[in-house]
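Asker: Structure file input-v1.txt, compact mmCIF, C-alpha atoms and all ligand atoms, is pasted below:
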```txt
# COMPACT_ATOMS: atom_id res chain seq x y z
CA MET B 116 54.67 9.53 -12.80
CA GLN B 117 54.89 8.87 -9.12
CA GLY B 118 58.64 8.80 -8.71
CA SER B 119 59.32 12.49 -8.42
CA LYS B 120 56.56 12.90 -5.83
CA LEU B 121 57.76 10.08 -3.60
CA MET B 122 61.38 11.11 -3.12
CA THR B 123 62.55 14.66 -2.88
CA ASN B 124 66.15 14.26 -1.90
CA GLY B 125 67.12 11.36 -4.08
CA ALA B 126 70.35 12.96 -5.28
CA ALA B 127 71.72 12.86 -1.71
CA GLY B 128 74.60 10.47 -1.30
CA PHE B 129 75.79 10.93 -4.90
CA GLN B 130 78.79 12.99 -5.92
CA SER B 131 77.42 16.38 -6.95
CA ARG B 132 77.66 16.68 -10.75
CA VAL B 133 76.03 18.95 -13.32
CA PHE B 134 74.97 17.90 -16.83
CA SER B 135 73.16 19.90 -19.48
CA GLY B 136 72.96 20.17 -23.27
CA MET B 137 71.51 22.08 -26.19
CA GLN B 138 70.49 20.93 -29.63
CA PRO B 139 72.50 22.05 -32.65
CA THR B 140 69.37 23.06 -34.53
CA HIS B 141 69.22 26.56 -36.01
CA THR B 142 71.07 29.24 -34.03
CA LEU B 143 71.04 29.72 -30.25
CA HIS B 144 68.95 32.64 -29.04
CA LEU B 145 68.56 34.87 -26.01
CA GLY B 146 66.19 32.34 -24.36
CA ASN B 147 68.81 29.58 -24.56
CA TYR B 148 71.43 32.01 -23.26
CA LEU B 149 69.49 33.46 -20.31
CA GLY B 150 67.43 30.35 -19.50
CA ALA B 151 70.34 27.92 -19.44
CA LEU B 152 73.77 29.01 -20.62
CA THR B 153 74.41 31.78 -18.08
CA ARG B 154 73.57 29.33 -15.28
CA TRP B 155 75.92 26.74 -16.78
CA VAL B 156 78.77 29.21 -16.67
CA GLU B 157 78.06 30.16 -13.03
CA MET B 158 77.82 26.54 -11.90
CA GLN B 159 81.36 25.84 -13.07
CA ALA B 160 82.61 27.70 -9.97
CA THR B 161 80.88 25.30 -7.58
CA HIS B 162 80.34 22.00 -9.39
CA GLU B 163 81.93 19.42 -11.63
CA CYS B 164 80.16 20.19 -14.93
CA ILE B 165 79.56 18.26 -18.13
CA TYR B 166 78.13 20.23 -21.07
CA CYS B 167 77.05 18.53 -24.25
CA VAL B 168 76.02 19.48 -27.78
CA VAL B 169 73.16 17.02 -28.17
CA ASP B 170 73.51 16.26 -31.87
CA MET B 171 71.65 12.92 -31.66
CA HIS B 172 68.58 14.85 -30.52
CA ALA B 173 68.96 17.14 -33.53
CA ILE B 174 68.30 14.33 -36.03
CA THR B 175 64.89 13.53 -34.51
CA ILE B 176 63.53 16.09 -36.98
CA GLN B 177 64.45 16.42 -40.66
CA HIS B 178 67.84 18.05 -41.10
CA ASP B 179 70.46 18.88 -43.64
CA PRO B 180 73.77 17.07 -42.84
CA ALA B 181 75.96 20.06 -43.78
CA ASP B 182 73.81 22.37 -41.63
CA LEU B 183 74.10 19.96 -38.71
CA THR B 184 77.90 19.90 -38.89
CA ARG B 185 78.02 23.71 -39.07
CA SER B 186 75.55 24.01 -36.22
CA ILE B 187 77.48 21.62 -33.92
CA ARG B 188 80.53 23.89 -34.27
CA GLU B 189 78.45 27.04 -33.88
CA VAL B 190 76.77 25.84 -30.68
CA THR B 191 80.16 24.77 -29.32
CA ALA B 192 81.51 28.23 -30.13
CA ALA B 193 78.52 29.77 -28.31
CA TYR B 194 79.22 27.69 -25.18
CA LEU B 195 82.89 28.70 -25.24
CA ALA B 196 82.18 32.37 -25.99
CA ALA B 197 79.63 32.54 -23.16
CA GLY B 198 82.26 31.28 -20.71
CA VAL B 199 82.19 27.48 -20.63
CA ASP B 200 85.79 26.58 -19.86
CA PRO B 201 86.80 23.28 -21.52
CA LYS B 202 89.69 22.83 -19.09
CA ARG B 203 87.49 23.09 -16.05
CA SER B 204 84.36 21.41 -17.49
CA ILE B 205 83.83 18.56 -19.94
CA LEU B 206 82.54 19.86 -23.28
CA PHE B 207 81.71 17.41 -26.08
CA ASN B 208 79.13 16.35 -28.66
CA GLN B 209 76.81 13.51 -27.77
CA SER B 210 77.29 11.28 -30.85
CA GLN B 211 80.97 10.76 -29.97
CA VAL B 212 80.03 8.89 -26.79
CA ALA B 213 78.15 5.75 -27.85
CA GLU B 214 77.16 4.98 -24.25
CA HIS B 215 74.31 7.54 -24.50
CA ALA B 216 72.64 5.34 -27.13
CA GLU B 217 73.41 2.10 -25.24
CA LEU B 218 71.82 3.34 -22.03
CA THR B 219 68.84 4.66 -24.00
CA TRP B 220 68.01 1.13 -25.08
CA VAL B 221 67.97 -0.12 -21.49
CA PHE B 222 65.82 2.88 -20.49
CA ASN B 223 63.44 2.20 -23.41
CA CYS B 224 62.73 -1.07 -21.62
CA VAL B 225 62.21 0.71 -18.27
CA ALA B 226 60.10 3.72 -19.38
CA ARG B 227 56.36 3.16 -19.90
CA LEU B 228 54.38 4.14 -22.98
CA GLY B 229 51.87 5.97 -20.78
CA TRP B 230 54.65 8.23 -19.45
CA LEU B 231 55.83 9.20 -22.93
CA ASN B 232 52.28 9.73 -24.16
CA ARG B 233 51.99 12.61 -21.69
CA MET B 234 55.03 14.55 -22.98
CA THR B 235 53.80 17.94 -24.15
CA GLN B 236 56.92 18.77 -26.18
CA PHE B 237 56.30 15.76 -28.43
CA LYS B 238 52.69 16.82 -28.92
CA GLU B 239 53.79 20.37 -29.83
CA LYS B 240 56.58 19.30 -32.16
CA ALA B 241 54.71 16.46 -33.86
CA GLY B 242 51.68 18.70 -34.34
CA LYS B 243 48.67 17.27 -36.12
CA ASP B 244 50.72 14.89 -38.30
CA ARG B 245 51.71 12.63 -35.39
CA GLU B 246 51.73 9.42 -37.47
CA ASN B 247 54.52 10.94 -39.53
CA ALA B 248 56.74 11.96 -36.60
CA SER B 249 59.95 9.98 -36.15
CA ILE B 250 60.23 7.34 -33.41
CA GLY B 251 63.29 9.34 -32.32
CA LEU B 252 61.17 12.42 -31.65
CA TYR B 253 58.84 10.33 -29.49
CA ASP B 254 61.79 8.75 -27.68
CA TYR B 255 63.58 12.10 -27.22
CA PRO B 256 62.93 12.30 -23.44
CA VAL B 257 64.32 8.79 -22.91
CA LEU B 258 67.55 9.72 -24.70
CA MET B 259 67.63 12.85 -22.54
CA ALA B 260 67.31 10.69 -19.40
CA ALA B 261 70.24 8.58 -20.62
CA ASP B 262 72.30 11.73 -21.34
CA ILE B 263 71.89 12.81 -17.74
CA LEU B 264 72.04 9.49 -15.91
CA VAL B 265 74.98 8.01 -17.81
CA TYR B 266 76.96 10.57 -15.77
CA LYS B 267 74.80 10.09 -12.64
CA ALA B 268 74.31 13.86 -12.78
CA THR B 269 72.69 15.29 -9.66
CA HIS B 270 71.77 18.71 -11.10
CA VAL B 271 70.54 19.85 -14.52
CA PRO B 272 70.31 23.59 -15.24
CA VAL B 273 67.59 24.11 -17.89
CA GLY B 274 64.82 26.50 -18.92
CA GLU B 275 61.31 25.96 -17.59
CA ASP B 276 60.18 24.16 -20.77
CA GLN B 277 62.31 21.14 -19.81
CA LYS B 278 60.69 20.56 -16.42
CA GLN B 279 58.47 17.73 -17.61
CA HIS B 280 61.39 15.91 -19.23
CA LEU B 281 63.35 16.17 -16.00
CA GLU B 282 60.43 14.62 -14.10
CA LEU B 283 60.50 11.73 -16.57
CA THR B 284 64.24 11.33 -15.96
CA ARG B 285 63.55 10.97 -12.24
CA ASP B 286 60.79 8.45 -12.89
CA ILE B 287 63.07 6.34 -15.08
CA ALA B 288 65.86 6.47 -12.47
CA GLN B 289 63.47 5.47 -9.72
CA LYS B 290 61.91 2.62 -11.70
CA PHE B 291 65.36 1.28 -12.62
CA ASN B 292 66.41 1.48 -8.95
CA ASN B 293 63.21 -0.37 -7.90
CA ASP B 294 63.11 -2.96 -10.68
CA TYR B 295 66.71 -4.00 -10.14
CA SER B 296 66.96 -3.32 -6.40
CA ALA B 297 68.20 -6.82 -5.52
CA ALA B 298 70.91 -6.82 -8.22
CA ILE B 299 71.91 -3.27 -7.28
CA ALA B 300 72.29 -4.20 -3.60
CA ALA B 301 74.07 -7.48 -4.42
CA ARG B 302 76.73 -5.56 -6.34
CA GLY B 303 77.34 -3.20 -3.44
CA PHE B 304 75.68 -0.08 -4.87
CA GLY B 305 73.37 0.36 -1.89
CA GLU B 306 69.71 1.22 -2.46
CA GLN B 307 69.98 3.51 -5.45
CA PHE B 308 72.11 3.06 -8.52
CA PHE B 309 70.90 6.26 -10.21
CA PRO B 310 70.30 9.58 -8.41
CA LEU B 311 66.94 11.35 -8.67
CA THR B 312 68.34 14.34 -10.51
CA GLU B 313 67.28 17.83 -9.44
CA PRO B 314 66.37 20.42 -12.09
CA VAL B 315 67.94 23.85 -11.61
CA ILE B 316 65.36 26.28 -12.98
CA GLY B 317 64.69 29.85 -11.96
CA GLY B 318 65.56 33.52 -12.13
CA PRO B 319 63.82 36.25 -14.09
CA ALA B 320 64.44 34.54 -17.46
CA ALA B 321 63.61 30.87 -16.86
CA ARG B 322 61.09 31.25 -19.70
CA VAL B 323 61.97 34.00 -22.19
CA MET B 324 58.99 34.73 -24.42
CA SER B 325 58.78 35.66 -28.10
CA LEU B 326 59.32 39.36 -28.88
CA ARG B 327 56.25 39.21 -31.13
CA ASP B 328 53.88 37.38 -28.77
CA GLY B 329 54.25 37.39 -24.99
CA GLY B 330 52.21 34.19 -24.78
CA LYS B 331 54.68 32.11 -26.80
CA LYS B 332 58.15 30.87 -25.79
CA MET B 333 61.10 32.41 -27.64
CA SER B 334 62.02 29.55 -29.91
CA LYS B 335 64.59 28.62 -32.56
CA SER B 336 61.92 27.22 -34.84
CA ASP B 337 59.60 30.26 -34.79
CA PRO B 338 59.23 31.27 -38.46
CA SER B 339 59.62 34.97 -37.54
CA ASP B 340 63.24 36.01 -36.99
CA TYR B 341 61.83 39.11 -35.24
CA SER B 342 60.51 36.84 -32.47
CA ARG B 343 63.99 36.20 -31.09
CA ILE B 344 67.46 37.66 -30.64
CA ASN B 345 70.03 35.22 -32.02
CA LEU B 346 73.48 35.01 -30.49
CA THR B 347 74.80 35.70 -34.01
CA ASP B 348 72.82 38.95 -34.46
CA ASP B 349 74.85 42.13 -34.89
CA ALA B 350 74.16 45.34 -32.97
CA ASP B 351 71.83 46.73 -35.68
CA ALA B 352 69.72 43.59 -35.75
CA ILE B 353 69.47 43.53 -31.93
CA ALA B 354 68.38 47.19 -31.89
CA GLN B 355 65.77 46.69 -34.63
CA LYS B 356 64.28 43.60 -33.01
CA ILE B 357 63.96 45.25 -29.60
CA ARG B 358 62.47 48.44 -31.08
CA ARG B 359 59.89 46.37 -32.98
CA ALA B 360 59.11 44.12 -29.98
CA LYS B 361 55.41 44.03 -29.16
CA THR B 362 54.36 46.09 -26.12
CA ASP B 363 51.18 47.62 -24.73
CA PRO B 364 50.26 51.31 -24.53
CA GLU B 365 50.74 51.72 -20.75
CA ALA B 366 53.84 53.05 -18.99
CA LEU B 367 55.89 50.56 -16.96
CA PRO B 368 54.49 49.88 -13.48
CA SER B 369 56.44 50.57 -10.30
CA GLU B 370 55.58 47.25 -8.66
CA GLU B 371 56.14 43.73 -9.99
CA LYS B 372 52.48 42.78 -9.54
CA GLY B 373 51.67 45.51 -12.09
CA LEU B 374 53.22 43.20 -14.71
CA ASP B 375 50.50 40.59 -14.19
CA ALA B 376 48.39 40.25 -17.34
CA ARG B 377 50.96 42.31 -19.29
CA PRO B 378 53.00 39.43 -20.81
CA GLU B 379 55.06 41.54 -23.24
CA ALA B 380 56.03 44.07 -20.57
CA ASP B 381 56.80 41.26 -18.14
CA ASN B 382 59.02 39.58 -20.74
CA LEU B 383 61.07 42.69 -21.56
CA VAL B 384 61.53 43.54 -17.87
CA GLY B 385 62.57 39.93 -17.21
CA ILE B 386 65.13 40.07 -20.05
CA PHE B 387 66.51 43.37 -18.73
CA ALA B 388 66.74 41.96 -15.19
CA ALA B 389 68.51 38.78 -16.32
CA LEU B 390 71.01 40.66 -18.50
CA LYS B 391 71.76 43.08 -15.66
CA GLY B 392 71.89 40.41 -12.93
CA ALA B 393 69.08 42.20 -11.08
CA THR B 394 65.53 41.36 -10.00
CA LYS B 395 62.45 42.54 -11.90
CA GLN B 396 61.59 44.77 -8.93
CA GLN B 397 65.02 46.44 -9.11
CA VAL B 398 64.40 47.15 -12.82
CA LEU B 399 61.00 48.64 -12.01
CA ASP B 400 62.55 50.74 -9.23
CA GLU B 401 64.60 52.35 -12.02
CA PHE B 402 62.04 52.42 -14.86
CA GLY B 403 58.61 52.45 -13.14
CA GLY B 404 56.48 55.16 -14.83
CA ALA B 405 58.73 55.27 -17.94
CA GLN B 406 57.35 54.85 -21.47
CA PHE B 407 58.46 51.85 -23.52
CA SER B 408 60.46 54.06 -25.88
CA THR B 409 62.78 55.04 -22.99
CA PHE B 410 62.93 51.53 -21.57
CA LYS B 411 63.58 49.94 -24.97
CA SER B 412 66.53 52.29 -25.61
CA ALA B 413 68.09 51.21 -22.33
CA LEU B 414 67.39 47.56 -23.18
CA VAL B 415 69.03 47.95 -26.60
CA ASP B 416 72.18 49.40 -24.99
CA LEU B 417 72.33 46.69 -22.33
CA SER B 418 71.69 43.86 -24.82
CA ILE B 419 74.37 45.07 -27.20
CA ALA B 420 76.87 45.55 -24.35
CA LYS B 421 76.24 41.99 -23.08
CA LEU B 422 75.80 40.08 -26.34
CA SER B 423 78.23 41.74 -28.77
CA PRO B 424 81.38 40.40 -27.07
CA ILE B 425 79.90 36.89 -27.22
CA THR B 426 79.04 37.24 -30.91
CA ALA B 427 82.54 38.56 -31.67
CA GLU B 428 84.19 35.71 -29.76
CA MET B 429 81.99 33.15 -31.56
CA ARG B 430 83.13 34.58 -34.89
CA ARG B 431 86.78 34.35 -33.81
CA LEU B 432 86.39 30.73 -32.66
CA LEU B 433 84.52 29.68 -35.80
CA ALA B 434 87.42 30.84 -37.95
CA ASP B 435 89.33 27.79 -36.63
CA PRO B 436 86.96 24.78 -36.88
CA ALA B 437 89.82 22.32 -36.34
CA GLU B 438 90.40 23.75 -32.85
CA ILE B 439 86.67 23.42 -32.04
CA ASP B 440 86.74 19.78 -33.20
CA ARG B 441 89.82 19.17 -31.07
CA ILE B 442 88.06 20.53 -27.97
CA LEU B 443 85.03 18.31 -28.66
CA CYS B 444 87.16 15.19 -29.16
CA ASP B 445 89.13 15.84 -25.99
CA GLY B 446 85.87 16.35 -24.06
CA ALA B 447 84.38 13.18 -25.56
CA ASP B 448 87.35 11.13 -24.32
CA ARG B 449 86.84 12.48 -20.81
CA ALA B 450 83.07 11.97 -20.96
CA ARG B 451 83.44 8.41 -22.24
CA ALA B 452 85.63 7.47 -19.29
CA ILE B 453 82.71 8.24 -16.93
CA ALA B 454 79.92 6.95 -19.20
CA SER B 455 81.56 3.61 -19.98
CA ALA B 456 81.88 2.78 -16.26
CA THR B 457 78.14 3.47 -15.76
CA VAL B 458 77.12 1.37 -18.76
CA ARG B 459 79.36 -1.50 -17.68
CA ASP B 460 77.66 -1.50 -14.25
CA VAL B 461 74.19 -1.24 -15.83
CA LYS B 462 74.89 -4.25 -18.08
CA ASP B 463 76.00 -6.19 -15.03
CA ILE B 464 72.89 -5.18 -13.08
CA VAL B 465 70.45 -6.17 -15.84
CA GLY B 466 72.24 -9.50 -16.26
CA PHE B 467 74.09 -9.20 -19.59
CA VAL B 468 77.21 -11.35 -20.02
CA GLN B 469 80.23 -9.20 -20.86
CA LYS B 470 84.00 -9.36 -21.09
CA ARG B 471 85.70 -9.05 -17.68
N1 LIG D 501 62.56 30.65 -24.44
C1 LIG D 501 63.35 30.07 -23.57
N2 LIG D 501 63.51 30.60 -22.34
C2 LIG D 501 64.33 30.01 -21.43
N3 LIG D 501 65.04 28.89 -21.68
C3 LIG D 501 64.90 28.32 -22.90
N4 LIG D 501 65.45 27.23 -23.47
C4 LIG D 501 64.99 27.10 -24.73
N5 LIG D 501 64.14 28.09 -25.02
C5 LIG D 501 64.07 28.87 -23.90
C6 LIG D 501 66.40 26.38 -22.79
O1 LIG D 501 67.57 26.33 -23.59
C7 LIG D 501 68.13 25.03 -23.50
C8 LIG D 501 68.32 24.58 -24.93
O2 LIG D 501 67.67 23.45 -25.22
P1 LIG D 501 67.39 22.94 -26.66
O3 LIG D 501 68.44 23.33 -27.62
O4 LIG D 501 67.06 21.52 -26.52
O5 LIG D 501 66.15 23.84 -26.89
P2 LIG D 501 65.12 23.79 -27.91
O6 LIG D 501 63.88 23.32 -27.25
O7 LIG D 501 65.57 23.14 -29.16
O8 LIG D 501 65.09 25.35 -28.13
P3 LIG D 501 63.95 26.01 -28.73
O9 LIG D 501 64.33 27.37 -29.10
O10 LIG D 501 62.76 25.88 -27.85
O11 LIG D 501 63.81 25.17 -30.06
P4 LIG D 501 62.55 24.68 -30.80
O12 LIG D 501 62.04 25.88 -31.52
O13 LIG D 501 63.10 23.64 -31.73
O14 LIG D 501 61.60 24.15 -29.78
C9 LIG D 501 67.20 24.20 -22.62
O15 LIG D 501 67.69 24.19 -21.30
C10 LIG D 501 65.91 24.96 -22.68
O16 LIG D 501 65.14 24.80 -21.50
```
What's the structure tokens form of this structure?

Answerer:
Amino acid sequence: MQGSKLMTNGAAGFQSRVFSGMQPTHTLHLGNYLGALTRWVEMQATHECIYCVVDMHAITIQHDPADLTRSIREVTAAYLAAGVDPKRSILFNQSQVAEHAELTWVFNCVARLGWLNRMTQFKEKAGKDRENASIGLYDYPVLMAADILVYKATHVPVGEDQKQHLELTRDIAQKFNNDYSAAIAARGFGEQFFPLTEPVIGGPAARVMSLRDGGKKMSKSDPSDYSRINLTDDADAIAQKIRRAKTDPEALPSEEKGLDARPEADNLVGIFAALKGATKQQVLDEFGGAQFSTFKSALVDLSIAKLSPITAEMRRLLADPAEIDRILCDGADRARAIASATVRDVKDIVGFVQKR
């Protein structure tokens, strides 16, 4: 994994472009929303953005086909309801653009087994029964690299949990650029064919933690529904989950360093800050010294005010699945136009014979 250490500004010289995606597995939650989706929406004002529902990733674990179809539409509705604008950005589902899979095969021949063996997400998801995990789950980060690089994306807004996968993406890009440097130069692409994509991670909610355990990431697959706030939860459910969220017996501190070693308090303050568009310190300026009962009431009100309009809009959009499918197909056509040019060049670079 030397690539990311050697070059720090490898996206320079490439047209600035944002790519990101979420899996249509289960229902999106507050972590997905604050860690990634809010940033996606903001970046539309400054960048060309491509946002994908990564349905091919979703079949790396066992799934029910009808649930997958429903979930693809639901995640699309969540993107739209949160503010992704399909006129300004490209919004599509991955399986409609075959070039993601084609580039994955080339990258499978570039990536090294040793790199993939270090991926912590695979270890967590495969658990103890690794022999029984799908090859797709193991190859997940290579498909993710292809998702990003087929658009030569320079920036990827994600939550902190995706940092390691983004490093792998950079390593694959760099190895491709090195391995094929002569062919790349001969075809007039200069020194680098793929950019070394920069992750965009940060803010008070880059890693939203479970409401039941401040040491665990808020996650779609957590068996306890009380561990997360789903974007489909109604006001009552949001209020109940926040009131039952684990805390400690102390009042809130007045300084941010007072949150150290208090993971549950830190998490709730971080959520409040992200929802309000403030810093954790600004939240503590207001609530320092308050008991959790007071703070939780304010958090309930803020969460409902921010999330209820999104939930209502999702419901409205989901009443017309044909319109959602139309948006995805239109986005896929626009995505394919970019992806097919990249794959054509890649085939040329690696030496495949193809129709001119
Ligand atoms: N807890 C989180 N805090 C901040 N960001 C998060 N993301 C996920 N969880 C958190 C970010 O959301 C995006 C969605 O990626 P995904 O759909 O591929 O996420 P995921 O890993 O399937 O989501 P979960 O909830 O973590 O699912 P499971 O339980 O299956 O592992 C990414 O940008 C991610 O960083």

Asker: As a quick test: using only C-alpha atoms and all ligand atoms, which residues lie no more than 9 Å away from ligand LIG 501 (chain D)? Give them as JSON, numbers by chain.

Answerer: {"B": [135, 136, 137, 138, 139, 140, 141, 142, 143, 144, 145, 146, 147, 148, 149, 150, 151, 152, 168, 169, 172, 173, 236, 239, 240, 271, 272, 273, 274, 275, 276, 277, 278, 316, 320, 321, 322, 323, 324, 325, 331, 332, 333, 334, 335, 336, 337, 343]}

Asker: In the coordinates of the file, take the point (79.1, 10.2, -21.1) and a cut-off of 7 Å; then, counting all atoms listed in the file, name each qualifying protein, DNA or RNA residue as a list in words.

Answerer: Val212, Glu214, His215, Asp262, Val265, Tyr266, Ala450, Arg451, Ile453 and Ala454 of chain B

Asker: Atom CA of B:Phe222 to atom CA of B:Thr284: how many Å, to one decimal?

Answerer: 9.7 Å

Asker: Distance atom CA of B:His162-atom CA of B:Ala288, one decimal place?

Answerer: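 About the pair atom CA of B:His162 and atom CA of B:Ala288: they are 21.5 Å apart.
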
Asker: Out of B:Glu313, B:Asp400, B:Asp448, B:Asp460, which residue has the shortest atom-to-atom distance to B:Arg285 when counting all atoms listed in the file?

Answerer: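 The closest residue to B:Arg285 is B:Glu313.
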
Asker: Give the answer as one residue: which of B:Ala389, B:Leu374, B:Ala268, B:Leu367 has the shortest atom-to-atom distance to B:Ala126, using all atoms listed in the file?

Answerer: B:Ala268

Asker: Can you list, as number ranges by chain, every protein, DNA or RNA residue that comes within 6 Å of B:Ser342 when you count all atoms listed in the file, leaving out same-chain residues fewer than 2 positions away?

Answerer: B: 325-327, 339-340

Asker: Using the selection just defined, write its residues with C-alpha atoms as a compact mmCIF listing (two decimals), keeping the file's coordinate frame.

Answerer:
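Heads up, here's the output in part_5.txt:
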```txt
# COMPACT_ATOMS: atom_id res chain seq x y z
CA SER B 325 58.78 35.66 -28.10
CA LEU B 326 59.32 39.36 -28.88
CA ARG B 327 56.25 39.21 -31.13
CA SER B 339 59.62 34.97 -37.54
CA ASP B 340 63.24 36.01 -36.99
```

Asker: Which one of B:Ser423, B:Ser408, B:Asn293, B:Asn382 sits closest to B:Asn345 if you count all atoms listed in the file?

Answerer: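 Going through B:Ser423, B:Ser408, B:Asn293, B:Asn382 one by one, the smallest distance to B:Asn345 is for B:Ser423.
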
Asker: Closest to B:Ala196 among B:Thr153, B:Phe308, B:Ser369, B:Gly385, using only C-alpha atoms?

Answerer: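 Using only C-alpha atoms, the shortest distance to B:Ala196 belongs to B:Thr153.
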
Asker: Which one of B:Ser186, B:Ser455, B:Ser131, B:Gln469 sits closest to B:Leu433 if you count only C-alpha atoms?

Answerer: B:Ser186

Asker: Supply stretch 298-304 of chain B as a compact mmCIF listing (two decimals), in the frame of the given file, with all heavy atoms built in where the input has gaps.

Answerer:
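To be explicit, this is the file written out as selection-v4.txt:
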```
# COMPACT_ATOMS: atom_id res chain seq x y z
N ALA B 298 69.61 -6.76 -7.51
CA ALA B 298 70.91 -6.82 -8.22
C ALA B 298 71.79 -5.62 -7.85
O ALA B 298 73.02 -5.75 -7.74
CB ALA B 298 70.67 -6.85 -9.73
N ILE B 299 71.16 -4.48 -7.64
CA ILE B 299 71.91 -3.27 -7.28
C ILE B 299 72.56 -3.47 -5.90
O ILE B 299 73.76 -3.21 -5.71
CB ILE B 299 70.98 -2.03 -7.31
CG1 ILE B 299 70.60 -1.68 -8.76
CG2 ILE B 299 71.62 -0.82 -6.61
CD1 ILE B 299 69.48 -0.66 -8.90
N ALA B 300 71.76 -3.97 -4.96
CA ALA B 300 72.29 -4.20 -3.60
C ALA B 300 73.36 -5.28 -3.62
O ALA B 300 74.42 -5.14 -2.97
CB ALA B 300 71.14 -4.56 -2.67
N ALA B 301 73.12 -6.35 -4.39
CA ALA B 301 74.07 -7.48 -4.42
C ALA B 301 75.44 -7.05 -4.94
O ALA B 301 76.46 -7.63 -4.61
CB ALA B 301 73.51 -8.60 -5.28
N ARG B 302 75.45 -6.03 -5.79
CA ARG B 302 76.73 -5.56 -6.34
C ARG B 302 77.33 -4.43 -5.51
O ARG B 302 78.28 -3.77 -5.93
CB ARG B 302 76.54 -5.14 -7.80
CG ARG B 302 76.54 -6.34 -8.72
CD ARG B 302 75.80 -6.11 -10.01
NE ARG B 302 75.66 -7.36 -10.74
CZ ARG B 302 74.75 -8.29 -10.47
NH1 ARG B 302 73.89 -8.12 -9.47
NH2 ARG B 302 74.71 -9.42 -11.16
N GLY B 303 76.74 -4.17 -4.37
CA GLY B 303 77.34 -3.20 -3.44
C GLY B 303 77.06 -1.75 -3.75
O GLY B 303 77.76 -0.86 -3.28
N PHE B 304 75.99 -1.48 -4.55
CA PHE B 304 75.68 -0.08 -4.87
C PHE B 304 74.70 0.55 -3.88
O PHE B 304 74.25 1.67 -4.08
CB PHE B 304 75.09 0.04 -6.29
CG PHE B 304 76.08 -0.31 -7.37
CD1 PHE B 304 75.87 -1.43 -8.17
CD2 PHE B 304 77.21 0.46 -7.58
CE1 PHE B 304 76.78 -1.76 -9.17
CE2 PHE B 304 78.11 0.14 -8.58
CZ PHE B 304 77.90 -0.99 -9.37
```
